[in-house]
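**Q** Below is coords-v7.cif; it holds mmCIF, N, CA and C atoms.
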```cif
data_work
#
loop_
_atom_site.label_atom_id
_atom_site.label_comp_id
_atom_site.auth_asym_id
_atom_site.auth_seq_id
_atom_site.Cartn_x
_atom_site.Cartn_y
_atom_site.Cartn_z
N MET A 1 61.20 420.16 105.48
CA MET A 1 59.78 420.45 105.39
C MET A 1 59.02 419.32 106.08
N ASP A 2 58.15 419.69 107.00
CA ASP A 2 57.44 418.64 107.74
C ASP A 2 56.26 418.10 106.93
N ALA A 3 55.73 416.98 107.38
CA ALA A 3 54.67 416.27 106.67
C ALA A 3 53.41 417.12 106.54
N HIS A 4 53.08 417.91 107.57
CA HIS A 4 51.88 418.76 107.51
C HIS A 4 51.98 419.74 106.34
N ILE A 5 53.09 420.42 106.21
CA ILE A 5 53.27 421.41 105.14
C ILE A 5 53.18 420.71 103.78
N ARG A 6 53.84 419.59 103.64
CA ARG A 6 53.82 418.86 102.37
C ARG A 6 52.39 418.42 102.03
N LYS A 7 51.67 417.93 103.02
CA LYS A 7 50.30 417.44 102.80
C LYS A 7 49.37 418.59 102.40
N VAL A 8 49.50 419.73 103.05
CA VAL A 8 48.59 420.86 102.82
C VAL A 8 48.93 421.61 101.53
N TYR A 9 50.21 421.73 101.19
CA TYR A 9 50.61 422.62 100.10
C TYR A 9 51.13 421.94 98.84
N VAL A 10 51.33 420.63 98.86
CA VAL A 10 51.85 419.96 97.66
C VAL A 10 50.88 418.85 97.28
N PRO A 11 50.18 418.93 96.14
CA PRO A 11 50.20 420.02 95.17
C PRO A 11 49.47 421.25 95.70
N MET A 12 49.79 422.39 95.11
CA MET A 12 49.22 423.65 95.56
C MET A 12 47.95 424.00 94.81
N THR A 13 47.13 424.80 95.45
CA THR A 13 45.99 425.41 94.76
C THR A 13 46.54 426.54 93.90
N GLU A 14 45.77 426.96 92.92
CA GLU A 14 46.21 428.09 92.11
C GLU A 14 46.36 429.34 92.97
N THR A 15 45.45 429.52 93.92
CA THR A 15 45.54 430.67 94.82
C THR A 15 46.87 430.67 95.56
N GLY A 16 47.20 429.55 96.19
CA GLY A 16 48.46 429.45 96.93
C GLY A 16 49.66 429.67 96.04
N PHE A 17 49.62 429.08 94.86
CA PHE A 17 50.73 429.23 93.90
C PHE A 17 50.96 430.70 93.56
N TYR A 18 49.88 431.39 93.19
CA TYR A 18 50.02 432.79 92.79
C TYR A 18 50.43 433.69 93.95
N ILE A 19 49.96 433.40 95.14
CA ILE A 19 50.37 434.21 96.30
C ILE A 19 51.87 434.07 96.51
N LEU A 20 52.38 432.84 96.55
CA LEU A 20 53.82 432.66 96.76
C LEU A 20 54.63 433.24 95.61
N LEU A 21 54.14 433.07 94.39
CA LEU A 21 54.83 433.62 93.23
C LEU A 21 54.94 435.14 93.35
N CYS A 22 53.84 435.78 93.73
CA CYS A 22 53.83 437.25 93.85
C CYS A 22 54.66 437.75 95.03
N LEU A 23 54.76 436.94 96.09
CA LEU A 23 55.47 437.41 97.29
C LEU A 23 56.97 437.16 97.23
N GLN A 24 57.49 436.87 96.06
CA GLN A 24 58.94 436.83 95.92
C GLN A 24 59.51 438.24 96.07
N GLU A 25 58.61 439.21 95.93
CA GLU A 25 58.91 440.61 96.26
C GLU A 25 57.85 441.04 97.27
N PRO A 26 58.19 441.86 98.25
CA PRO A 26 57.21 442.28 99.26
C PRO A 26 55.96 442.89 98.60
N ASN A 27 54.80 442.53 99.14
CA ASN A 27 53.55 443.04 98.60
C ASN A 27 52.45 442.88 99.64
N HIS A 28 51.32 443.51 99.41
CA HIS A 28 50.15 443.40 100.28
C HIS A 28 49.05 442.67 99.52
N GLY A 29 48.00 442.29 100.24
CA GLY A 29 46.93 441.49 99.66
C GLY A 29 46.32 442.08 98.41
N TYR A 30 45.97 443.35 98.46
CA TYR A 30 45.34 443.98 97.30
C TYR A 30 46.31 444.04 96.12
N GLY A 31 47.59 444.27 96.41
CA GLY A 31 48.60 444.27 95.37
C GLY A 31 48.72 442.91 94.69
N ILE A 32 48.61 441.85 95.48
CA ILE A 32 48.65 440.50 94.93
C ILE A 32 47.43 440.27 94.03
N VAL A 33 46.26 440.67 94.50
CA VAL A 33 45.03 440.53 93.71
C VAL A 33 45.21 441.19 92.34
N GLN A 34 45.71 442.41 92.34
CA GLN A 34 45.90 443.15 91.10
C GLN A 34 46.93 442.48 90.19
N ARG A 35 48.03 442.04 90.79
CA ARG A 35 49.10 441.41 90.00
C ARG A 35 48.63 440.10 89.37
N VAL A 36 47.91 439.29 90.13
CA VAL A 36 47.41 438.01 89.61
C VAL A 36 46.42 438.25 88.48
N GLU A 37 45.54 439.21 88.65
CA GLU A 37 44.57 439.51 87.61
C GLU A 37 45.28 439.94 86.31
N LYS A 38 46.31 440.77 86.46
CA LYS A 38 47.07 441.23 85.29
C LYS A 38 47.85 440.06 84.68
N MET A 39 48.52 439.27 85.51
CA MET A 39 49.34 438.15 85.06
C MET A 39 48.52 437.12 84.28
N THR A 40 47.28 436.90 84.72
CA THR A 40 46.44 435.86 84.11
C THR A 40 45.45 436.46 83.10
N GLU A 41 45.65 437.73 82.78
CA GLU A 41 44.77 438.44 81.84
C GLU A 41 43.31 438.33 82.25
N GLY A 42 43.06 438.45 83.56
CA GLY A 42 41.71 438.46 84.10
C GLY A 42 41.08 437.09 84.31
N GLU A 43 41.79 436.02 83.97
CA GLU A 43 41.22 434.68 84.14
C GLU A 43 41.05 434.31 85.60
N ILE A 44 41.97 434.78 86.44
CA ILE A 44 41.89 434.47 87.86
C ILE A 44 41.74 435.77 88.63
N ARG A 45 40.66 435.83 89.40
CA ARG A 45 40.39 436.99 90.26
C ARG A 45 40.21 436.48 91.67
N LEU A 46 41.16 436.82 92.51
CA LEU A 46 41.12 436.36 93.90
C LEU A 46 40.19 437.24 94.71
N SER A 47 39.24 436.63 95.38
CA SER A 47 38.31 437.40 96.22
C SER A 47 39.03 437.79 97.51
N PRO A 48 38.60 438.88 98.13
CA PRO A 48 39.23 439.31 99.38
C PRO A 48 39.20 438.21 100.45
N GLY A 49 38.09 437.51 100.58
CA GLY A 49 37.99 436.45 101.59
C GLY A 49 39.00 435.35 101.36
N THR A 50 39.12 434.92 100.12
CA THR A 50 40.09 433.88 99.76
C THR A 50 41.51 434.38 100.00
N MET A 51 41.77 435.59 99.54
CA MET A 51 43.12 436.16 99.67
C MET A 51 43.55 436.28 101.12
N TYR A 52 42.73 436.91 101.94
CA TYR A 52 43.15 437.17 103.32
C TYR A 52 43.14 435.90 104.16
N GLY A 53 42.25 434.97 103.86
CA GLY A 53 42.27 433.68 104.53
C GLY A 53 43.54 432.92 104.20
N SER A 54 43.93 432.95 102.94
CA SER A 54 45.16 432.26 102.50
C SER A 54 46.40 432.91 103.10
N LEU A 55 46.45 434.23 103.10
CA LEU A 55 47.60 434.93 103.69
C LEU A 55 47.75 434.56 105.17
N SER A 56 46.64 434.56 105.89
CA SER A 56 46.67 434.24 107.31
C SER A 56 47.18 432.83 107.54
N LYS A 57 46.67 431.87 106.77
CA LYS A 57 47.09 430.47 106.92
C LYS A 57 48.55 430.30 106.54
N MET A 58 48.96 430.91 105.45
CA MET A 58 50.35 430.78 105.01
C MET A 58 51.32 431.42 106.02
N GLU A 59 50.89 432.51 106.62
CA GLU A 59 51.75 433.15 107.64
C GLU A 59 51.85 432.23 108.85
N LYS A 60 50.74 431.67 109.29
CA LYS A 60 50.73 430.76 110.43
C LYS A 60 51.61 429.53 110.17
N ASP A 61 51.59 429.04 108.93
CA ASP A 61 52.36 427.86 108.57
C ASP A 61 53.82 428.17 108.23
N GLY A 62 54.18 429.46 108.22
CA GLY A 62 55.57 429.84 108.02
C GLY A 62 56.02 429.96 106.57
N LEU A 63 55.08 430.00 105.61
CA LEU A 63 55.45 430.13 104.20
C LEU A 63 55.69 431.58 103.81
N ILE A 64 55.04 432.49 104.52
CA ILE A 64 55.23 433.92 104.30
C ILE A 64 55.41 434.58 105.66
N THR A 65 55.92 435.79 105.62
CA THR A 65 56.09 436.53 106.87
C THR A 65 55.66 437.98 106.68
N PHE A 66 55.06 438.53 107.72
CA PHE A 66 54.69 439.95 107.76
C PHE A 66 55.98 440.73 107.95
N ILE A 67 56.21 441.75 107.11
CA ILE A 67 57.46 442.51 107.28
C ILE A 67 57.24 443.95 107.71
N ARG A 68 56.09 444.54 107.36
CA ARG A 68 55.81 445.91 107.80
C ARG A 68 54.39 446.30 107.40
N GLU A 69 53.98 447.45 107.87
CA GLU A 69 52.67 447.98 107.49
C GLU A 69 52.89 449.31 106.78
N GLU A 70 52.18 449.50 105.67
CA GLU A 70 52.24 450.75 104.91
C GLU A 70 50.81 451.21 104.65
N GLU A 71 50.47 452.40 105.13
CA GLU A 71 49.14 452.96 104.91
C GLU A 71 48.05 451.94 105.26
N LYS A 72 48.17 451.33 106.41
CA LYS A 72 47.22 450.35 106.95
C LYS A 72 47.15 449.05 106.13
N ARG A 73 48.13 448.81 105.28
CA ARG A 73 48.20 447.56 104.52
C ARG A 73 49.38 446.75 105.01
N LYS A 74 49.12 445.47 105.30
CA LYS A 74 50.18 444.58 105.75
C LYS A 74 50.99 444.11 104.55
N ILE A 75 52.30 444.27 104.65
CA ILE A 75 53.21 443.84 103.59
C ILE A 75 53.82 442.51 104.00
N TYR A 76 53.75 441.53 103.09
CA TYR A 76 54.27 440.19 103.34
C TYR A 76 55.38 439.86 102.35
N GLU A 77 56.14 438.83 102.71
CA GLU A 77 57.20 438.34 101.83
C GLU A 77 57.32 436.83 102.03
N ILE A 78 57.73 436.13 100.99
CA ILE A 78 57.91 434.68 101.05
C ILE A 78 59.10 434.35 101.96
N THR A 79 59.01 433.24 102.68
CA THR A 79 60.12 432.77 103.53
C THR A 79 60.88 431.66 102.79
N GLU A 80 61.96 431.17 103.39
CA GLU A 80 62.71 430.06 102.79
C GLU A 80 61.81 428.83 102.65
N LEU A 81 60.98 428.56 103.64
CA LEU A 81 60.06 427.43 103.55
C LEU A 81 59.09 427.64 102.38
N GLY A 82 58.59 428.84 102.22
CA GLY A 82 57.70 429.15 101.11
C GLY A 82 58.40 428.96 99.77
N ARG A 83 59.68 429.36 99.70
CA ARG A 83 60.46 429.16 98.47
C ARG A 83 60.62 427.67 98.16
N GLU A 84 60.83 426.88 99.19
CA GLU A 84 60.97 425.43 99.01
C GLU A 84 59.66 424.83 98.47
N VAL A 85 58.54 425.23 99.05
CA VAL A 85 57.23 424.74 98.60
C VAL A 85 57.00 425.18 97.15
N LEU A 86 57.31 426.43 96.83
CA LEU A 86 57.14 426.93 95.47
C LEU A 86 58.04 426.17 94.49
N ARG A 87 59.25 425.88 94.89
CA ARG A 87 60.18 425.12 94.06
C ARG A 87 59.63 423.72 93.77
N LEU A 88 59.06 423.06 94.79
CA LEU A 88 58.45 421.75 94.59
C LEU A 88 57.28 421.84 93.61
N GLU A 89 56.51 422.90 93.70
CA GLU A 89 55.37 423.07 92.79
C GLU A 89 55.86 423.33 91.36
N PHE A 90 56.91 424.12 91.20
CA PHE A 90 57.48 424.32 89.87
C PHE A 90 57.91 422.98 89.27
N GLN A 91 58.57 422.16 90.07
CA GLN A 91 59.02 420.85 89.59
C GLN A 91 57.84 419.98 89.19
N ARG A 92 56.78 420.02 89.99
CA ARG A 92 55.58 419.23 89.70
C ARG A 92 54.93 419.69 88.38
N ILE A 93 54.83 421.00 88.20
CA ILE A 93 54.22 421.53 86.98
C ILE A 93 55.09 421.20 85.76
N GLU A 94 56.39 421.33 85.91
CA GLU A 94 57.29 420.98 84.80
C GLU A 94 57.16 419.51 84.43
N ARG A 95 57.04 418.63 85.43
CA ARG A 95 56.88 417.20 85.17
C ARG A 95 55.56 416.94 84.43
N LEU A 96 54.48 417.58 84.88
CA LEU A 96 53.19 417.43 84.21
C LEU A 96 53.28 417.86 82.74
N TYR A 97 53.91 419.01 82.53
CA TYR A 97 54.04 419.54 81.17
C TYR A 97 54.89 418.61 80.30
N ARG A 98 56.01 418.17 80.83
CA ARG A 98 56.91 417.26 80.11
C ARG A 98 56.18 415.96 79.75
N ASN A 99 55.48 415.37 80.72
CA ASN A 99 54.77 414.12 80.48
C ASN A 99 53.65 414.30 79.45
N ALA A 100 52.95 415.41 79.51
CA ALA A 100 51.88 415.68 78.55
C ALA A 100 52.45 415.81 77.14
N ARG A 101 53.57 416.51 77.01
CA ARG A 101 54.20 416.67 75.68
C ARG A 101 54.69 415.32 75.16
N GLU A 102 55.30 414.54 76.01
CA GLU A 102 55.81 413.23 75.58
C GLU A 102 54.66 412.32 75.17
N GLU A 103 53.59 412.33 75.93
CA GLU A 103 52.43 411.49 75.62
C GLU A 103 51.80 411.91 74.28
N ARG A 104 51.72 413.21 74.07
CA ARG A 104 51.13 413.72 72.83
C ARG A 104 51.97 413.33 71.63
N HIS A 105 53.30 413.37 71.77
CA HIS A 105 54.19 413.03 70.65
C HIS A 105 54.23 411.55 70.35
N GLU A 106 53.89 410.72 71.33
CA GLU A 106 53.90 409.27 71.13
C GLU A 106 52.70 408.82 70.33
N ARG A 107 51.67 409.63 70.26
CA ARG A 107 50.43 409.21 69.55
C ARG A 107 50.48 409.51 68.10
#
```
Represent the structure contained in this file as structure tokens.
**A**
Amino acid sequence: MDAHIRKVYVPMTETGFYILLCLQEPNHGYGIVQRVEKMTEGEIRLSPGTMYGSLSKMEKDGLITFIREEEKRKIYEITELGREVLRLEFQRIERLYRNAREERHER
């Protein structure tokens, strides 16, 4: 992973995190919006501008790839680089959670 990708995506925004999480299976932008809203019980609602801007940037940076079009909707999927970035973010979140629990128990 090059320095640009690490600098831009680690740590990740919630939008980026949820997009990569959802694209572990092929999906389109609107499908991701719906899935994130359901997953977060409506707490996070991705706007179309944010969603499509993020998809475009992530595709350009090689984290996701366009695989086909269905009914005028572009279907994307996470790449190996995207999986690596997502794995780093999982590790970061786990470390934050572990440290918070340890700190709380020490008090």
**Q** What does the structure give for the distance between CA of Val10 in chain A and atom N of Glu89 in chain A, in Å to one decimal?
**A**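 One can read the CA of Val10 in chain A to atom N of Glu89 in chain A distance as 6.8 Å.
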**Q** Leaving out range 71-75 of chain A and any residue of its chain fewer than 6 positions from it, which residues lie within 7 Å of it when counting only C-alpha atoms, given as a compact mmCIF listing (two decimals) with N, CA and C atoms, in the coordinates of the input?
**A**
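out.txt, freshly written:
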```txt
# COMPACT_ATOMS: atom_id res chain seq x y z
N PRO A 26 58.19 441.86 98.25
CA PRO A 26 57.21 442.28 99.26
C PRO A 26 55.96 442.89 98.60
N ASN A 27 54.80 442.53 99.14
CA ASN A 27 53.55 443.04 98.60
C ASN A 27 52.45 442.88 99.64
N HIS A 28 51.32 443.51 99.41
CA HIS A 28 50.15 443.40 100.28
C HIS A 28 49.05 442.67 99.52
```
**Q** DSSP on the backbone, then: every residue of chain A marked helix (DSSP H, G or I), written as a PyMOL selection string.
**A** chain A and resi 3-9+14-22+29-39+48-60+80-106
**Q** On this structure, which residues satisfy the PyMOL selection byres (((chain A and resi 38-45 and name CA) around 12) and name CA), written as a list in words?
**A** Glu14, Thr15, Phe17, Tyr18, Ile19, Leu21, Cys22, Tyr30, Gly31, Ile32, Val33, Gln34, Arg35, Val36, Glu37, Leu46, Ser47, Pro48, Gly49, Thr50 and Met51 of chain A
**Q** Using all atoms listed in the file, find all polymer residues with an atom at most 8 Å away from the point (56.3, 439.3, 110.2); report them as a list of chain:residue names.
**A**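 Final list of nearby residues, as requested, is A:Ile64, A:Thr65, A:Phe66, A:Ile67, A:Arg68, A:Ile75, A:Tyr76, A:Glu77.
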**Q** Can you spit out the residues from that selection as a PDB file, in the frame of the given file, using N, CA and C atoms?
**A**
```pdb
ATOM      1  N   ILE A  64      55.040 432.490 104.520  1.00  0.00           N
ATOM      2  CA  ILE A  64      55.230 433.920 104.300  1.00  0.00           C
ATOM      3  C   ILE A  64      55.410 434.580 105.660  1.00  0.00           C
ATOM      4  N   THR A  65      55.920 435.790 105.620  1.00  0.00           N
ATOM      5  CA  THR A  65      56.090 436.530 106.870  1.00  0.00           C
ATOM      6  C   THR A  65      55.660 437.980 106.680  1.00  0.00           C
ATOM      7  N   PHE A  66      55.060 438.530 107.720  1.00  0.00           N
ATOM      8  CA  PHE A  66      54.690 439.950 107.760  1.00  0.00           C
ATOM      9  C   PHE A  66      55.980 440.730 107.950  1.00  0.00           C
ATOM     10  N   ILE A  67      56.210 441.750 107.110  1.00  0.00           N
ATOM     11  CA  ILE A  67      57.460 442.510 107.280  1.00  0.00           C
ATOM     12  C   ILE A  67      57.240 443.950 107.710  1.00  0.00           C
ATOM     13  N   ARG A  68      56.090 444.540 107.360  1.00  0.00           N
ATOM     14  CA  ARG A  68      55.810 445.910 107.800  1.00  0.00           C
ATOM     15  C   ARG A  68      54.390 446.300 107.400  1.00  0.00           C
ATOM     16  N   ILE A  75      52.300 444.270 104.650  1.00  0.00           N
ATOM     17  CA  ILE A  75      53.210 443.840 103.590  1.00  0.00           C
ATOM     18  C   ILE A  75      53.820 442.510 104.000  1.00  0.00           C
ATOM     19  N   TYR A  76      53.750 441.530 103.090  1.00  0.00           N
ATOM     20  CA  TYR A  76      54.270 440.190 103.340  1.00  0.00           C
ATOM     21  C   TYR A  76      55.380 439.860 102.350  1.00  0.00           C
ATOM     22  N   GLU A  77      56.140 438.830 102.710  1.00  0.00           N
ATOM     23  CA  GLU A  77      57.200 438.340 101.830  1.00  0.00           C
ATOM     24  C   GLU A  77      57.320 436.830 102.030  1.00  0.00           C
TER      25      GLU A  77
END
```
**Q** Would you compute the distance between CA of Glu69 in chain A and atom C of Lys57 in chain A? Give it in Å to one decimal.
**A**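 Those two atoms sit 18.2 Å apart.
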**Q** Calculate, to one decimal in Å, the centre and edge lengths of the box along x, y and z of the file that holds all listed atoms of range 76-83 of chain A with 6 Å of margin on each side, and present them as AutoDock Vina command-line options.
**A**
```
--center_x 58.2 --center_y 434.5 --center_z 100.9 --size_x 21.0 --size_y 26.1 --size_z 17.5
```
**Q** Just give me the gap between atom C of Lys60 in chain A and atom N of Glu25 in chain A in Å, one decimal is fine.
**A**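 Separation between atom C of Lys60 in chain A and atom N of Glu25 in chain A: 18.6 Å.
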**Q** When DSSP is applied to the backbone of this structure, which of chain A are assigned strand (DSSP E or B)? Write them out as a list in words.
**A**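 Written out, the strand (DSSP E or B) residues of chain A are Asn27, Ile64, Thr65, Phe66, Ile67, Arg68, Glu69, Glu70, Arg73, Lys74, Ile75, Tyr76, Glu77 and Ile78 of chain A.
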**Q** Please determine, counting only N, CA and C atoms, which residue among A:Leu88, A:Leu20, A:Ala100, A:Leu81 has the shortest atom-to-atom distance to Met1 in chain A.
**A**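 Looking only at the distances to Met1 in chain A, the closest residue turns out to be A:Leu81.
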**Q** Using only C-alpha atoms, which residue out of A:Asn99, A:Gln91, A:Ser54, A:Thr79 lies closest to Val8 in chain A?
**A**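 Checking each of A:Asn99, A:Gln91, A:Ser54, A:Thr79 against Val8 in chain A, counting only C-alpha atoms, the winner is A:Ser54.
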**Q** For Leu63 in chain A, which residue out of A:Lys7, A:Arg92, A:Leu23, A:Arg98 is the nearest one, using only C-alpha atoms?
**A**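 So, comparing all the options, the nearest one is A:Leu23.
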